[in-house]
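Have a look at the structure below before the remarks.
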Amino acid sequence: MKNKLREKIKKQRMEMSKEGIVKKSENIKKTLLTLSQFQDANLIMSYIHFRNEVETGKIMTTALQMGKRVVVPVCEVKTKKLIPAEIKSYPEDLQCGAYGIMEPCEIKPVRPEEIDLVLVPGVAFDVNGNRLGYGAGYYDRFLARLRSDATTIALAFEMQILDNVFPEEHDVPMDYIITEERLINCQKNN
Ligand SMILES: Nc1ncnc2c1ncn2[C@@H]1O[C@H](COP(=O)(O)OP(=O)(O)OP(=O)(O)O)[C@@H](O)[C@H]1O
Ligand SMILES: [Mg+2]
């Protein structure tokens, strides 16, 4: 069930135009910047967009300009663990890593408990914050290690918001989802 849905939504997302992605990502960034959880965060973790994910480059450069610390996920393939690693400059500090995703040239790990806010990618979500990811469980394993007062925010296009993403016991739900059209407070929907 999950795999079929993943393939379908990923294919649909690959059909989006570059201009559409840039414009929608810009809207999503604007909404993110209005959130107190973002404004108040000292240390944020952001995925680096890949394929047609919501773009995060401008979010990272803005956060760095605001004096925040920024970490990006590094996939440790052997253990299926995500290592949060700090960058001081985007995109200069990055090179190509596992799965073709960019990662820091030099890995400076940060403890998950230090992170205030995490921007999470995904394939599909429901309004209750349930997430369908890429199928390896990297984020589920990682998010379980955050402080309980850390905020998780998924960035997604409206086409990724579905009625049912078939959540399982181990799936860690999101606190908020931001799309080009709305801010979804997932706790309110539960
Ligand atoms: N906390 C965990 N500890 C051990 N195994 C886990 C944990 N979370 C998920 N898994 C395993 O990882 C596999 C993939 O999980 P799932 O289908 O939820 O992936 P996903 O959330 O789509 O992937 P990703 O987070 O990498 O984008 C499952 O077989 C699941 O049992
Ligand atoms: Mg999962």
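Within each chain, counting starts at residue 1; across the structure tokens, chains are named A, B, ... in the order shown, with ligands numbered 1 upward in that order.
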- Backbone DSSP call of strand (DSSP E or B) for range 136-168 of chain A, listed as a VMD selection string: chain A and resid 151 to 155 161
Residues of the last selection are to be written out with C-alpha atoms, as a PDB file, in the first residue's frame.
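Everything below was put into result-v2.pdb:
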ATOM      1  CA  THR A 151       9.108  21.405  16.768  1.00  0.00           C
ATOM      2  CA  THR A 152       8.755  19.323  13.611  1.00  0.00           C
ATOM      3  CA  ILE A 153       7.528  21.053  10.472  1.00  0.00           C
ATOM      4  CA  ALA A 154       6.985  19.256   7.189  1.00  0.00           C
ATOM      5  CA  LEU A 155       7.257  21.278   3.983  1.00  0.00           C
ATOM      6  CA  ILE A 161      -1.626  16.241   1.219  1.00  0.00           C
TER       7      ILE A 161
END
- Can you list, as an MDAnalysis selection string, every protein, DNA or RNA residue that comes within 9 Å of range 46-58 of chain A when you count only C-alpha atoms, leaving out same-chain residues fewer than 3 positions away? chainID A and resid 10 13:18 21:22 24:26 28:29 61:63 70:73 90:91 100:103 117:123 155:157 179
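If only C-alpha atoms are the atoms counted, then among A:Leu82, A:Ala144, A:Ile115, A:Val74 the closest residue to Gln95 in chain A is A:Val74.
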- Message: To check your reading of the model: which residues sit at most 10 Å from ligand 1 when counting only C-alpha atoms and all ligand atoms? Write the answer as a PyMOL selection string.
- Response: chain A and resi 2-3+6+75+80-82+120-124+130-145+165-173
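On the backbone of this structure, DSSP gives helix (DSSP H, G or I) within range 46-162 of chain A to Gly57, Lys58, Ile59, Met60, Thr61, Thr62, Ala63, Leu64, Gln65, Ala98, Tyr99, Gly100, Pro112, Glu113, Glu114, Tyr138, Tyr139, Asp140, Arg141, Phe142, Leu143, Glu158, Met159 and Gln160 of chain A.
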- Note on the structure: Residue with the minimum atom-to-atom distance to ligand 2, picked from A:Ala85, A:Leu146, A:Met174, A:Leu183 with only C-alpha atoms and all ligand atoms counted, is A:Met174
- Message: Just the number, please: distance in Å from CA of Lys30 in chain A to CA of Cys96 in chain A, one decimal.
- Response: 27.9 Å
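If you measure from each of A:Gly129, A:Leu162, A:Met45, A:Thr79 to ligand 2 using only C-alpha atoms and all ligand atoms, the closest one turns out to be A:Gly129.
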- Point-to-point distance from CA of Gln160 in chain A to CA of Leu94 in chain A, Å rounded to tenths: 27.6 Å
- Item | Contact residues around Arg147 in chain A with only C-alpha atoms at 8 Å, ignoring same-chain residues under 6 positions, as a PyMOL selection string | chain A and resi 112-116
